[in-house]
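Student: Following this message is one structure expressed as structure tokens.
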Amino acid sequence: MYNTSQDPVWFGELRTPRGNTILVHDKQFPEASQGRVYFYNTTRDAIIEYAEDIVSANLHDLDDAQLKAAQAEYGSAWQAARDEFMQKHDGWVEATQSKPAPKKAKPVDEPVDDDSDDAELEVDSMDDDFEDSWSSDDD
């Protein structure tokens, strides 16, 4: 089972009937949905959300030699995927931790100057443009 109490990043192996793969868990990841957890899957080169109760039974710690080999082989790919994942989720974390946006102030009406010479709008009559000059074939 993954344990990040000693190290903030855990490397381990997920053993399934379809094969084994190295997973990485970082306790600095944003919190996943309830009952779920994020792991970096080295086979898929992606950070994936897993159902914690299903995956936890199949997780196994690596011995020291396996851990060093996994860190050497997957360390740079893991870090690149982590950086990209954290950038995408950075706004989500900030949104849940930040204060609500201030309310917009109502626009202030400008005072009307009664002494100003308001130009009247000239209304153009379209009656002149549409004279009844249609010819009819019925005539």
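The chains in the structure tokens are called A, B, ... from first to last as shown; in each chain the residues are counted from 1, and the ligands are counted from 1 in the order shown.
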Segment 15-94 of chain A: which residues are strand (DSSP E or B) by DSSP, as a ChimeraX atom specification?
Tutor: /A:15-16,19-26,36-41,46-51,59-61
Student: Let me make sure I understand: among A:Thr43, A:Ser56, A:Gln6, A:Gln87, which one has the smallest atom-to-atom distance to Lys27 of chain A if we use only C-alpha atoms?
Tutor: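 Looking at the shortest contact to Lys27 of chain A, the residue is A:Gln6.
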Student: Pick the closest to Glu52 of chain A from A:Tyr40, A:Gln79, A:Leu67, A:Gly35: which is it, counting only C-alpha atoms?
Tutor: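 Going through A:Tyr40, A:Gln79, A:Leu67, A:Gly35 one by one, the smallest distance to Glu52 of chain A is for A:Gly35.
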Student: Point out the residue among A:Tyr74, A:Ala65, A:Asn20, A:Trp10 with the least atom-to-atom distance to Phe39 of chain A, counting only C-alpha atoms.
Tutor: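 Using only C-alpha atoms, Phe39 of chain A sits closest to A:Trp10.
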Student: For Asn58 of chain A, please output as a PDB file with all heavy atoms, in the first residue's frame all residues within 10 Å (counting only C-alpha atoms; exclusion window: fewer than 6 positions along the same chain).
Tutor:
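For reference, around-v1.pdb as written:
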ATOM      1  N   MET A   1       0.849  -1.180   0.000  1.00  0.00           N
ATOM      2  CA  MET A   1       0.000   0.000   0.000  1.00  0.00           C
ATOM      3  C   MET A   1       0.886   1.231   0.000  1.00  0.00           C
ATOM      4  O   MET A   1       1.904   1.277   0.668  1.00  0.00           O
ATOM      5  CB  MET A   1      -0.912  -0.042   1.225  1.00  0.00           C
ATOM      6  CG  MET A   1      -1.812   1.142   1.425  1.00  0.00           C
ATOM      7  SD  MET A   1      -2.972   1.281   0.077  1.00  0.00           S
ATOM      8  CE  MET A   1      -3.812   2.749   0.548  1.00  0.00           C
ATOM      9  N   GLU A  13       4.403  -0.609  -7.243  1.00  0.00           N
ATOM     10  CA  GLU A  13       3.983  -1.438  -8.366  1.00  0.00           C
ATOM     11  C   GLU A  13       2.509  -1.782  -8.234  1.00  0.00           C
ATOM     12  O   GLU A  13       2.044  -2.180  -7.170  1.00  0.00           O
ATOM     13  CB  GLU A  13       4.820  -2.712  -8.403  1.00  0.00           C
ATOM     14  CG  GLU A  13       4.534  -3.575  -9.612  1.00  0.00           C
ATOM     15  CD  GLU A  13       5.484  -4.774  -9.676  1.00  0.00           C
ATOM     16  OE1 GLU A  13       5.751  -5.387  -8.629  1.00  0.00           O
ATOM     17  OE2 GLU A  13       5.935  -5.085 -10.796  1.00  0.00           O
ATOM     18  N   LEU A  14       1.794  -1.628  -9.326  1.00  0.00           N
ATOM     19  CA  LEU A  14       0.401  -2.052  -9.418  1.00  0.00           C
ATOM     20  C   LEU A  14       0.417  -3.412 -10.110  1.00  0.00           C
ATOM     21  O   LEU A  14       0.856  -3.529 -11.260  1.00  0.00           O
ATOM     22  CB  LEU A  14      -0.425  -1.048 -10.229  1.00  0.00           C
ATOM     23  CG  LEU A  14      -1.871  -1.459 -10.536  1.00  0.00           C
ATOM     24  CD1 LEU A  14      -2.684  -1.581  -9.238  1.00  0.00           C
ATOM     25  CD2 LEU A  14      -2.518  -0.454 -11.474  1.00  0.00           C
ATOM     26  N   ARG A  15      -0.074  -4.420  -9.406  1.00  0.00           N
ATOM     27  CA  ARG A  15      -0.101  -5.777  -9.957  1.00  0.00           C
ATOM     28  C   ARG A  15      -1.540  -6.138 -10.305  1.00  0.00           C
ATOM     29  O   ARG A  15      -2.427  -6.136  -9.449  1.00  0.00           O
ATOM     30  CB  ARG A  15       0.469  -6.777  -8.950  1.00  0.00           C
ATOM     31  CG  ARG A  15       1.922  -6.529  -8.643  1.00  0.00           C
ATOM     32  CD  ARG A  15       2.472  -7.487  -7.629  1.00  0.00           C
ATOM     33  NE  ARG A  15       3.824  -7.103  -7.248  1.00  0.00           N
ATOM     34  CZ  ARG A  15       4.435  -7.536  -6.164  1.00  0.00           C
ATOM     35  NH1 ARG A  15       3.835  -8.393  -5.348  1.00  0.00           N
ATOM     36  NH2 ARG A  15       5.647  -7.135  -5.879  1.00  0.00           N
ATOM     37  N   THR A  16      -1.748  -6.458 -11.576  1.00  0.00           N
ATOM     38  CA  THR A  16      -3.070  -6.831 -12.068  1.00  0.00           C
ATOM     39  C   THR A  16      -2.938  -8.070 -12.953  1.00  0.00           C
ATOM     40  O   THR A  16      -1.831  -8.406 -13.395  1.00  0.00           O
ATOM     41  CB  THR A  16      -3.711  -5.692 -12.896  1.00  0.00           C
ATOM     42  OG1 THR A  16      -2.971  -5.513 -14.098  1.00  0.00           O
ATOM     43  CG2 THR A  16      -3.758  -4.395 -12.108  1.00  0.00           C
ATOM     44  N   ASN A  20       1.868  -5.873 -14.748  1.00  0.00           N
ATOM     45  CA  ASN A  20       2.311  -5.004 -13.669  1.00  0.00           C
ATOM     46  C   ASN A  20       2.833  -3.695 -14.248  1.00  0.00           C
ATOM     47  O   ASN A  20       3.392  -3.673 -15.350  1.00  0.00           O
ATOM     48  CB  ASN A  20       3.414  -5.686 -12.862  1.00  0.00           C
ATOM     49  CG  ASN A  20       2.963  -7.018 -12.285  1.00  0.00           C
ATOM     50  OD1 ASN A  20       1.765  -7.280 -12.166  1.00  0.00           O
ATOM     51  ND2 ASN A  20       3.913  -7.867 -11.925  1.00  0.00           N
TER      52      ASN A  20
END
Student: Rank A:Leu62, A:Ala69, A:Ile48, A:Met86 by their smallest atom-to-atom distance to Arg36 of chain A, using only C-alpha atoms, and report the top residue only.
Tutor: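 Using only C-alpha atoms, Arg36 of chain A sits closest to A:Ile48.
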Student: Would you compute the distance between atom CA of Ala80 of chain A and atom CA of Asp26 of chain A? Give it in Å to one decimal.
Tutor: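 Atom-to-atom, atom CA of Ala80 of chain A to atom CA of Asp26 of chain A, that is 13.3 Å.
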Student: Using only C-alpha atoms, find the one residue out of A:Ala32, A:Ala81, A:Val37, A:Ile22 that sits nearest to Asp53 of chain A.
Tutor: A:Val37
Student: Report as number ranges by chain all protein, DNA and RNA residues lying within 9 Å of Thr42 of chain A, evaluated on only C-alpha atoms, omitting residues in the same chain fewer than 5 positions from it.
Tutor: A: 21-24, 47, 74, 77-78
Student: Output all heavy atoms of each residue in that selection to a file, as a PDB file, in the first residue's frame.
Tutor:
ATOM      1  N   THR A  21       2.678  -2.645 -13.489  1.00  0.00           N
ATOM      2  CA  THR A  21       3.190  -1.349 -13.904  1.00  0.00           C
ATOM      3  C   THR A  21       3.614  -0.555 -12.676  1.00  0.00           C
ATOM      4  O   THR A  21       3.083  -0.759 -11.583  1.00  0.00           O
ATOM      5  CB  THR A  21       2.164  -0.554 -14.742  1.00  0.00           C
ATOM      6  OG1 THR A  21       2.779   0.595 -15.285  1.00  0.00           O
ATOM      7  CG2 THR A  21       0.966  -0.147 -13.904  1.00  0.00           C
ATOM      8  N   ILE A  22       4.542   0.337 -12.884  1.00  0.00           N
ATOM      9  CA  ILE A  22       5.008   1.212 -11.807  1.00  0.00           C
ATOM     10  C   ILE A  22       4.073   2.409 -11.735  1.00  0.00           C
ATOM     11  O   ILE A  22       3.765   3.038 -12.751  1.00  0.00           O
ATOM     12  CB  ILE A  22       6.460   1.683 -12.052  1.00  0.00           C
ATOM     13  CG1 ILE A  22       7.409   0.486 -12.181  1.00  0.00           C
ATOM     14  CG2 ILE A  22       6.910   2.647 -10.962  1.00  0.00           C
ATOM     15  CD1 ILE A  22       7.541  -0.347 -10.936  1.00  0.00           C
ATOM     16  N   LEU A  23       3.615   2.712 -10.509  1.00  0.00           N
ATOM     17  CA  LEU A  23       2.794   3.890 -10.252  1.00  0.00           C
ATOM     18  C   LEU A  23       3.546   4.821  -9.320  1.00  0.00           C
ATOM     19  O   LEU A  23       4.365   4.373  -8.508  1.00  0.00           O
ATOM     20  CB  LEU A  23       1.467   3.513  -9.591  1.00  0.00           C
ATOM     21  CG  LEU A  23       0.478   2.668 -10.376  1.00  0.00           C
ATOM     22  CD1 LEU A  23      -0.817   2.503  -9.573  1.00  0.00           C
ATOM     23  CD2 LEU A  23       0.168   3.285 -11.724  1.00  0.00           C
ATOM     24  N   VAL A  24       3.256   6.108  -9.433  1.00  0.00           N
ATOM     25  CA  VAL A  24       3.856   7.107  -8.566  1.00  0.00           C
ATOM     26  C   VAL A  24       2.730   7.924  -7.956  1.00  0.00           C
ATOM     27  O   VAL A  24       1.810   8.360  -8.661  1.00  0.00           O
ATOM     28  CB  VAL A  24       4.816   8.042  -9.351  1.00  0.00           C
ATOM     29  CG1 VAL A  24       5.472   9.042  -8.412  1.00  0.00           C
ATOM     30  CG2 VAL A  24       5.867   7.230 -10.102  1.00  0.00           C
ATOM     31  N   ILE A  47      -1.111  10.879 -15.643  1.00  0.00           N
ATOM     32  CA  ILE A  47      -1.635  10.863 -14.286  1.00  0.00           C
ATOM     33  C   ILE A  47      -3.104  10.516 -14.390  1.00  0.00           C
ATOM     34  O   ILE A  47      -3.865  11.172 -15.100  1.00  0.00           O
ATOM     35  CB  ILE A  47      -1.394  12.204 -13.589  1.00  0.00           C
ATOM     36  CG1 ILE A  47       0.114  12.402 -13.440  1.00  0.00           C
ATOM     37  CG2 ILE A  47      -2.099  12.246 -12.242  1.00  0.00           C
ATOM     38  CD1 ILE A  47       0.551  13.726 -12.912  1.00  0.00           C
ATOM     39  N   TYR A  74      12.060   6.376 -14.696  1.00  0.00           N
ATOM     40  CA  TYR A  74      10.823   7.135 -14.886  1.00  0.00           C
ATOM     41  C   TYR A  74      10.844   8.537 -14.267  1.00  0.00           C
ATOM     42  O   TYR A  74       9.873   9.280 -14.417  1.00  0.00           O
ATOM     43  CB  TYR A  74       9.638   6.361 -14.289  1.00  0.00           C
ATOM     44  CG  TYR A  74       9.477   4.988 -14.871  1.00  0.00           C
ATOM     45  CD1 TYR A  74       9.686   3.853 -14.091  1.00  0.00           C
ATOM     46  CD2 TYR A  74       9.119   4.817 -16.206  1.00  0.00           C
ATOM     47  CE1 TYR A  74       9.527   2.587 -14.616  1.00  0.00           C
ATOM     48  CE2 TYR A  74       8.970   3.553 -16.741  1.00  0.00           C
ATOM     49  CZ  TYR A  74       9.175   2.436 -15.939  1.00  0.00           C
ATOM     50  OH  TYR A  74       9.024   1.183 -16.478  1.00  0.00           O
ATOM     51  N   ALA A  77      10.281  11.584 -16.808  1.00  0.00           N
ATOM     52  CA  ALA A  77       8.931  11.539 -17.399  1.00  0.00           C
ATOM     53  C   ALA A  77       7.882  11.853 -16.334  1.00  0.00           C
ATOM     54  O   ALA A  77       6.908  12.574 -16.595  1.00  0.00           O
ATOM     55  CB  ALA A  77       8.670  10.168 -18.015  1.00  0.00           C
ATOM     56  N   TRP A  78       8.098  11.320 -15.135  1.00  0.00           N
ATOM     57  CA  TRP A  78       7.189  11.578 -14.018  1.00  0.00           C
ATOM     58  C   TRP A  78       7.154  13.071 -13.704  1.00  0.00           C
ATOM     59  O   TRP A  78       6.103  13.658 -13.524  1.00  0.00           O
ATOM     60  CB  TRP A  78       7.625  10.762 -12.804  1.00  0.00           C
ATOM     61  CG  TRP A  78       7.448  11.430 -11.471  1.00  0.00           C
ATOM     62  CD1 TRP A  78       8.426  11.824 -10.621  1.00  0.00           C
ATOM     63  CD2 TRP A  78       6.219  11.799 -10.838  1.00  0.00           C
ATOM     64  NE1 TRP A  78       7.886  12.409  -9.508  1.00  0.00           N
ATOM     65  CE2 TRP A  78       6.526  12.410  -9.621  1.00  0.00           C
ATOM     66  CE3 TRP A  78       4.892  11.680 -11.190  1.00  0.00           C
ATOM     67  CZ2 TRP A  78       5.565  12.890  -8.752  1.00  0.00           C
ATOM     68  CZ3 TRP A  78       3.925  12.164 -10.316  1.00  0.00           C
ATOM     69  CH2 TRP A  78       4.262  12.762  -9.124  1.00  0.00           C
TER      70      TRP A  78
END
